[in-house]
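Student: Structure supplied as run38.cif; contents: mmCIF, C-alpha atoms.
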data_protein
loop_
_atom_site.label_atom_id
_atom_site.label_comp_id
_atom_site.auth_asym_id
_atom_site.auth_seq_id
_atom_site.Cartn_x
_atom_site.Cartn_y
_atom_site.Cartn_z
CA MET A 463 12.36 -25.90 -49.91
CA GLY A 464 11.50 -28.09 -52.91
CA ASN A 465 12.16 -31.79 -52.49
CA GLN A 466 15.04 -31.25 -50.10
CA GLU A 467 14.37 -33.00 -46.80
CA TYR A 468 15.22 -31.39 -43.49
CA ASN A 469 15.56 -33.35 -40.26
CA GLN A 470 14.91 -31.30 -37.14
CA GLU A 471 16.27 -31.82 -33.66
CA TYR A 472 16.93 -29.95 -30.46
CA ILE A 473 20.52 -29.11 -29.75
CA SER A 474 22.14 -27.42 -26.77
CA VAL A 475 24.23 -24.42 -27.71
CA ALA A 476 27.06 -24.13 -25.18
CA CYS A 477 29.47 -22.14 -27.35
CA ASN A 478 30.50 -18.97 -25.54
CA LEU A 479 31.69 -17.50 -28.83
CA CYS A 480 28.18 -17.06 -30.18
CA CYS A 481 25.97 -17.44 -27.11
CA PRO A 482 26.94 -15.20 -24.19
CA LEU A 483 24.76 -17.22 -21.84
CA PRO A 484 25.48 -20.98 -22.09
CA ASP A 485 23.18 -24.00 -22.13
CA ILE A 486 20.42 -22.45 -24.21
CA THR A 487 18.41 -24.95 -26.21
CA ILE A 488 17.27 -23.83 -29.65
CA TYR A 489 15.34 -25.54 -32.45
CA ILE A 490 17.26 -25.81 -35.72
CA THR A 491 17.61 -27.98 -38.79
CA VAL A 492 20.46 -30.46 -38.90
CA ASN A 493 21.55 -28.81 -42.16
CA SER A 494 22.05 -25.55 -40.21
CA ARG A 495 24.62 -27.10 -37.88
CA ARG A 496 27.57 -26.42 -40.19
CA ALA A 497 26.56 -22.79 -40.65
CA ILE A 498 26.18 -22.29 -36.90
CA LEU A 499 29.57 -23.82 -36.16
CA LYS A 500 31.19 -21.62 -38.80
CA PHE A 501 29.44 -18.58 -37.34
CA CYS A 502 30.71 -19.42 -33.86
CA GLN A 503 34.30 -19.25 -35.06
CA THR A 504 34.08 -15.62 -36.21
CA ALA A 505 33.68 -12.57 -33.99
CA MET A 506 31.02 -10.22 -35.30
CA LYS A 507 31.56 -6.48 -35.65
CA ILE A 508 29.43 -3.33 -35.83
CA VAL A 509 31.00 -0.62 -38.00
CA LEU A 510 29.90 3.00 -38.35
CA GLU A 511 31.45 4.34 -41.54
CA ASN A 512 31.80 8.05 -42.38
CA ILE A 513 28.70 9.05 -40.41
CA HIS A 514 27.24 12.53 -40.87
CA LYS A 515 24.14 13.95 -39.20
CA SER A 516 22.61 17.35 -39.89
CA TYR A 517 19.42 19.09 -38.85
CA GLY A 518 18.74 21.65 -41.53
CA LYS A 519 21.95 23.63 -41.99
CA ARG A 520 23.32 22.61 -38.61
CA THR A 521 25.87 19.79 -38.63
CA ILE A 522 25.79 17.68 -35.45
CA VAL A 523 28.07 14.79 -36.43
CA SER A 524 30.70 14.76 -39.17
CA ARG A 525 32.99 12.04 -40.56
CA VAL A 526 32.60 9.65 -37.63
CA ASN A 527 34.13 6.19 -37.98
CA LEU A 528 34.03 3.66 -35.16
CA SER A 529 33.67 -0.06 -34.57
CA ILE A 530 32.68 -2.51 -31.85
CA SER A 531 33.64 -6.18 -31.93
CA GLN A 532 32.33 -9.06 -29.88
CA GLY A 533 34.32 -9.59 -26.72
CA GLU A 534 35.20 -5.96 -26.02
CA ILE A 535 33.81 -2.96 -24.14
CA VAL A 536 34.05 0.31 -26.05
CA GLY A 537 33.35 3.74 -24.61
CA LEU A 538 31.84 6.68 -26.52
CA LEU A 539 32.61 9.78 -24.49
CA GLY A 540 32.84 13.54 -24.76
CA PRO A 541 31.58 16.83 -23.31
CA ASN A 542 27.98 18.00 -23.65
CA GLY A 543 27.22 18.99 -27.22
CA ALA A 544 30.04 16.90 -28.66
CA GLY A 545 27.69 14.71 -30.73
CA LYS A 546 28.19 11.50 -28.78
CA THR A 547 24.49 11.02 -27.96
CA THR A 548 23.49 11.51 -31.60
CA THR A 549 26.21 9.09 -32.70
CA PHE A 550 25.06 6.57 -30.10
CA TYR A 551 21.43 6.86 -31.23
CA ILE A 552 22.53 6.32 -34.83
CA ALA A 553 24.29 3.13 -33.71
CA THR A 554 21.11 1.89 -32.01
CA GLY A 555 18.79 2.75 -34.90
CA LEU A 556 16.89 5.45 -33.00
CA GLU A 557 18.35 8.06 -35.38
CA LYS A 558 19.22 7.78 -39.06
CA PRO A 559 22.40 9.33 -40.43
CA THR A 560 22.20 12.01 -43.10
CA GLN A 561 25.16 10.31 -44.77
CA GLY A 562 27.25 7.25 -44.05
CA ARG A 563 26.61 3.58 -43.46
CA ILE A 564 26.33 1.14 -40.59
CA TYR A 565 27.31 -2.49 -40.98
CA LEU A 566 26.82 -5.63 -38.95
CA ASP A 567 29.69 -7.60 -40.43
CA ASP A 568 28.99 -7.36 -44.19
CA ARG A 569 25.30 -6.55 -43.82
CA ASN A 570 24.22 -2.94 -44.33
CA ILE A 571 21.84 -2.12 -41.45
CA THR A 572 21.84 1.66 -41.91
CA HIS A 573 18.11 1.90 -42.47
CA LEU A 574 16.99 -0.91 -40.17
CA PRO A 575 14.89 0.32 -37.22
CA ILE A 576 15.84 -0.61 -33.69
CA HIS A 577 13.42 -3.56 -33.39
CA LYS A 578 14.84 -5.20 -36.52
CA ARG A 579 18.37 -4.68 -35.28
CA ALA A 580 17.33 -6.44 -32.08
CA ARG A 581 16.41 -9.51 -34.14
CA LEU A 582 19.95 -9.52 -35.50
CA GLY A 583 21.40 -9.57 -32.00
CA ILE A 584 21.89 -5.88 -31.17
CA GLY A 585 20.44 -5.13 -27.73
CA TYR A 586 19.80 -1.68 -26.26
CA LEU A 587 19.48 -0.37 -22.72
CA ALA A 588 17.87 3.07 -22.60
CA GLN A 589 18.85 5.77 -20.13
CA GLU A 590 15.24 6.29 -19.08
CA ALA A 591 13.69 3.94 -16.53
CA SER A 592 11.78 1.17 -18.31
CA ILE A 593 10.90 -1.11 -15.42
CA PHE A 594 7.21 -1.70 -14.72
CA ARG A 595 6.84 -0.24 -11.26
CA HIS A 596 3.85 -2.33 -10.18
CA LEU A 597 5.14 -5.68 -11.41
CA SER A 598 7.65 -7.81 -9.52
CA VAL A 599 11.22 -8.08 -10.77
CA ARG A 600 10.45 -11.66 -11.80
CA ASP A 601 7.36 -10.63 -13.77
CA ASN A 602 9.20 -7.73 -15.37
CA ILE A 603 11.62 -10.18 -16.95
CA LEU A 604 9.02 -12.87 -17.64
CA LEU A 605 6.86 -10.39 -19.53
CA ILE A 606 9.70 -9.82 -21.99
CA LEU A 607 10.39 -13.55 -22.35
CA GLN A 608 6.74 -14.11 -23.24
CA GLN A 609 7.14 -11.84 -26.27
CA THR A 610 10.07 -13.83 -27.70
CA ARG A 611 10.34 -17.04 -29.66
CA VAL A 612 11.69 -18.89 -26.64
CA PRO A 613 9.48 -22.00 -26.14
CA ARG A 614 7.14 -21.68 -23.19
CA ARG A 615 8.64 -24.71 -21.47
CA LEU A 616 12.02 -22.89 -21.33
CA TRP A 617 10.74 -19.63 -19.82
CA GLU A 618 11.33 -20.64 -16.22
CA HIS A 619 14.86 -21.89 -16.88
CA ARG A 620 15.81 -18.74 -18.79
CA LEU A 621 14.18 -16.53 -16.15
CA ASN A 622 16.03 -18.18 -13.27
CA SER A 623 19.32 -17.94 -15.17
CA LEU A 624 18.83 -14.20 -15.69
CA LEU A 625 17.90 -13.64 -12.05
CA GLN A 626 21.06 -15.44 -10.99
CA ASP A 627 23.36 -13.78 -13.53
CA PHE A 628 22.17 -10.29 -12.57
CA ARG A 629 22.12 -10.98 -8.82
CA LEU A 630 18.39 -10.38 -8.53
CA GLU A 631 17.32 -13.56 -6.75
CA LYS A 632 16.82 -11.85 -3.37
CA VAL A 633 14.55 -9.17 -4.86
CA ALA A 634 12.81 -11.34 -7.46
CA ASN A 635 9.42 -10.93 -5.79
CA ASN A 636 9.80 -7.22 -4.98
CA LEU A 637 7.78 -4.74 -7.00
CA GLY A 638 9.62 -2.44 -9.36
CA VAL A 639 8.68 0.51 -7.17
CA GLN A 640 10.40 -1.13 -4.18
CA VAL A 641 13.85 -1.81 -5.63
CA SER A 642 16.93 0.40 -5.43
CA GLY A 643 18.40 2.27 -8.37
CA GLY A 644 21.05 -0.39 -8.87
CA GLU A 645 18.53 -3.24 -8.68
CA ARG A 646 16.29 -1.40 -11.16
CA ARG A 647 19.19 -0.98 -13.58
CA ARG A 648 20.15 -4.66 -13.30
CA THR A 649 16.52 -5.65 -13.92
CA GLU A 650 16.44 -3.48 -17.03
CA LEU A 651 19.69 -5.05 -18.20
CA ALA A 652 18.25 -8.53 -17.66
CA ARG A 653 15.16 -7.51 -19.66
CA ALA A 654 17.42 -6.33 -22.50
CA LEU A 655 19.06 -9.75 -22.62
CA ALA A 656 15.68 -11.49 -22.47
CA SER A 657 14.32 -9.69 -25.52
CA GLY A 658 15.31 -12.31 -28.09
CA PRO A 659 15.33 -16.10 -28.48
CA LEU A 660 19.07 -15.92 -27.83
CA PRO A 661 21.07 -13.33 -25.88
CA PRO A 662 22.28 -10.46 -28.08
CA HIS A 663 25.74 -10.42 -29.62
CA PHE A 664 26.00 -6.70 -28.85
CA LEU A 665 24.62 -4.49 -26.10
CA LEU A 666 24.46 -0.70 -26.43
CA LEU A 667 24.24 0.94 -22.99
CA ASP A 668 23.00 4.51 -22.59
CA GLU A 669 24.13 6.01 -19.27
CA PRO A 670 24.17 2.66 -17.39
CA PHE A 671 25.75 4.25 -14.29
CA ALA A 672 23.36 7.19 -14.02
CA GLY A 673 21.29 7.48 -10.86
CA VAL A 674 22.90 4.61 -8.97
CA ASP A 675 25.08 4.67 -5.86
CA PRO A 676 28.80 3.73 -5.85
CA ILE A 677 28.21 0.16 -4.68
CA ALA A 678 25.64 -0.37 -7.42
CA VAL A 679 28.05 1.12 -9.98
CA SER A 680 30.66 -1.44 -8.92
CA GLU A 681 28.12 -4.25 -9.31
CA MET A 682 27.13 -3.00 -12.77
CA GLN A 683 30.77 -2.80 -13.80
CA ALA A 684 31.30 -6.42 -12.75
CA ILE A 685 28.22 -7.57 -14.66
CA VAL A 686 29.18 -5.68 -17.82
CA ALA A 687 32.73 -7.08 -17.62
CA ASP A 688 31.28 -10.58 -17.25
CA LEU A 689 29.16 -10.09 -20.37
CA ARG A 690 32.28 -9.02 -22.24
CA ASP A 691 34.04 -12.16 -21.01
CA ARG A 692 31.16 -14.17 -22.49
CA ASN A 693 32.04 -12.59 -25.85
CA MET A 694 29.37 -9.93 -25.98
CA GLY A 695 30.36 -6.65 -27.63
CA ILE A 696 29.37 -3.61 -25.55
CA LEU A 697 29.20 0.09 -26.39
CA ILE A 698 28.80 2.48 -23.44
CA THR A 699 28.06 6.19 -23.45
CA ASP A 700 27.99 7.75 -19.99
CA HIS A 701 28.80 11.03 -18.25
CA ASN A 702 30.55 9.08 -15.48
CA VAL A 703 33.90 9.13 -17.23
CA ARG A 704 36.05 7.48 -14.55
CA GLU A 705 33.61 4.61 -14.03
CA THR A 706 33.33 4.05 -17.78
CA LEU A 707 37.06 4.15 -18.53
CA ALA A 708 37.64 1.71 -15.65
CA ILE A 709 36.01 -1.12 -17.61
CA THR A 710 36.47 -0.18 -21.27
CA ASP A 711 39.03 -1.93 -23.44
CA ARG A 712 39.22 1.25 -25.48
CA ALA A 713 37.22 4.43 -25.99
CA TYR A 714 36.44 7.15 -28.49
CA ILE A 715 36.39 10.81 -27.41
CA MET A 716 34.20 13.21 -29.40
CA ARG A 717 34.42 16.98 -29.70
CA ASP A 718 32.51 19.31 -32.03
CA GLY A 719 30.78 16.41 -33.77
CA GLN A 720 33.94 14.49 -34.58
CA ILE A 721 36.12 11.84 -32.97
CA PHE A 722 39.34 13.57 -32.03
CA ALA A 723 40.97 10.87 -29.91
CA SER A 724 40.72 7.14 -29.29
CA GLY A 725 42.63 4.48 -27.42
CA VAL A 726 42.89 2.67 -24.10
CA ALA A 727 42.25 4.55 -20.86
CA GLU A 728 45.93 5.23 -20.14
CA GLU A 729 46.50 6.67 -23.61
CA LEU A 730 43.54 9.01 -23.27
CA TYR A 731 44.56 10.00 -19.75
CA ASN A 732 48.02 10.96 -21.00
CA ASN A 733 46.77 12.74 -24.14
CA PRO A 734 47.24 16.49 -23.55
CA LEU A 735 44.41 17.43 -25.93
CA VAL A 736 41.98 15.07 -24.18
CA ARG A 737 42.93 16.60 -20.83
CA GLN A 738 42.62 20.12 -22.21
CA TYR A 739 39.25 19.75 -23.89
CA TYR A 740 37.56 17.04 -21.85
CA LEU A 741 39.11 15.48 -18.75
CA GLY A 742 40.71 18.53 -17.16
CA ASP A 743 44.04 18.77 -15.36
CA SER A 744 42.74 17.39 -12.05
CA PHE A 745 41.23 14.20 -13.51
CA GLN A 746 42.60 10.94 -12.11
CA LEU A 747 41.88 7.39 -13.25
#
When written as structure tokens, how does the structure in this file appear?
Tutor:
Amino acid sequence: MGNQEYNQEYISVACNLCCPLPDITIYITVNSRRAILKFCQTAMKIVLENIHKSYGKRTIVSRVNLSISQGEIVGLLGPNGAGKTTTFYIATGLEKPTQGRIYLDDRNITHLPIHKRARLGIGYLAQEASIFRHLSVRDNILLILQQTRVPRRLWEHRLNSLLQDFRLEKVANNLGVQVSGGERRRTELARALASGPLPPHFLLLDEPFAGVDPIAVSEMQAIVADLRDRNMGILITDHNVRETLAITDRAYIMRDGQIFASGVAEELYNNPLVRQYYLGDSFQL
């Protein structure tokens, strides 16, 4: 830093534009304040640009373009074999495209692995169960907090906030093996948000409604909508089409490795090609 002097102080970040969960104290330089305030005024965006994916001579995904901005819920849907899972994994960093680029605003993150994308504020909730079955719900979340740069003295505050936000207070001391499917999914979602010093700007959800009962689905929908209202950008891929379209601001429909339709739920519902190749004539919103 040369001879430049930096004064350090604790500040409370209560800006919902850049911090989905308010009242989080972080340690910064005073000189960073202007940059943070400028950042808070601009919604971030993930862009997948002209994505191709092939395995040998077999093309799985071709010419896919999509985007997710902060403050919106976007669906990525389609029949089995459409390429949506591969596209979703490319967005997370679990797969690399054969061609094409992925941007976080102006930064090319195409070749960044998933753990480095997490440091940039891109969270991920896997379809597979990730809860530790023989730890309590509280300890499941605390274990993740302990791996972050959150100061130790703030662990308890952050933990209690997550338990409250995800409606887990009543089961906080229950073991992972004892909780319901919906409680497990909410715990995993809380863990995803606990994985960095600040909550992520984006959350990529793989089958969030799978294996949970209708009441739990409704609770998850409410939580995801609340995260959107706190300016988090959310991408959902799920086989539960009706439940997904009920909360998305817009969605992409894939077929044969390409996006062949996009729009809000009503537009997709009234699209004859979407009904023919995906939803079916009997589908109702």
Student: So which residues touch region 514-523 of chain A within 7 Å, counting only C-alpha atoms, skipping near sequence neighbours fewer than 5 positions away, as a list in words?
Tutor: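 Counting only the stated atoms, we get Gly545, Pro559, Thr560, Gln561, Gly562, Gly719 and Gln720 of chain A.
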Student: Go ahead and write the residues just picked, C-alpha atoms, as a compact mmCIF listing (two decimals), keeping the file's coordinate frame.
Tutor:
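Dumped to part11.txt:
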# COMPACT_ATOMS: atom_id res chain seq x y z
CA GLY A 545 27.69 14.71 -30.73
CA PRO A 559 22.40 9.33 -40.43
CA THR A 560 22.20 12.01 -43.10
CA GLN A 561 25.16 10.31 -44.77
CA GLY A 562 27.25 7.25 -44.05
CA GLY A 719 30.78 16.41 -33.77
CA GLN A 720 33.94 14.49 -34.58
Student: Ranking A:Leu539, A:Ile696, A:Ile513, A:Ala687 by minimum distance to Gly725 (chain A) and counting all atoms listed in the file, which one comes first?
Tutor: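 Residue with the minimum atom-to-atom distance to Gly725 (chain A): A:Leu539.
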Student: Apply the PyMOL selection byres ((chain A and resi 703) around 12) to the structure shown and report the selected residues as a PyMOL selection string.
Tutor: chain A and resi 537-541+669-672+698-702+704-710+713-715+727+730-731+740-742+745-747
Student: Could you list the residues chosen by the PyMOL selection byres ((chain A and resi 600-608) around 10) in this structure as JSON, numbers by chain?
Tutor: {"A": [592, 593, 594, 595, 596, 597, 598, 599, 609, 610, 611, 612, 613, 614, 616, 617, 618, 620, 621, 622, 624, 625, 630, 631, 633, 634, 635, 636, 637, 638, 649, 650, 651, 652, 653, 654, 655, 656, 657, 658, 659]}
Student: I want to know what sits within 7 Å of region 573-579 of chain A, based on all atoms listed in the file, with residues of the same chain fewer than 2 positions away left out; could you give that as an MDAnalysis selection string?
Tutor: chainID A and resid 554:556 558 571 581:584
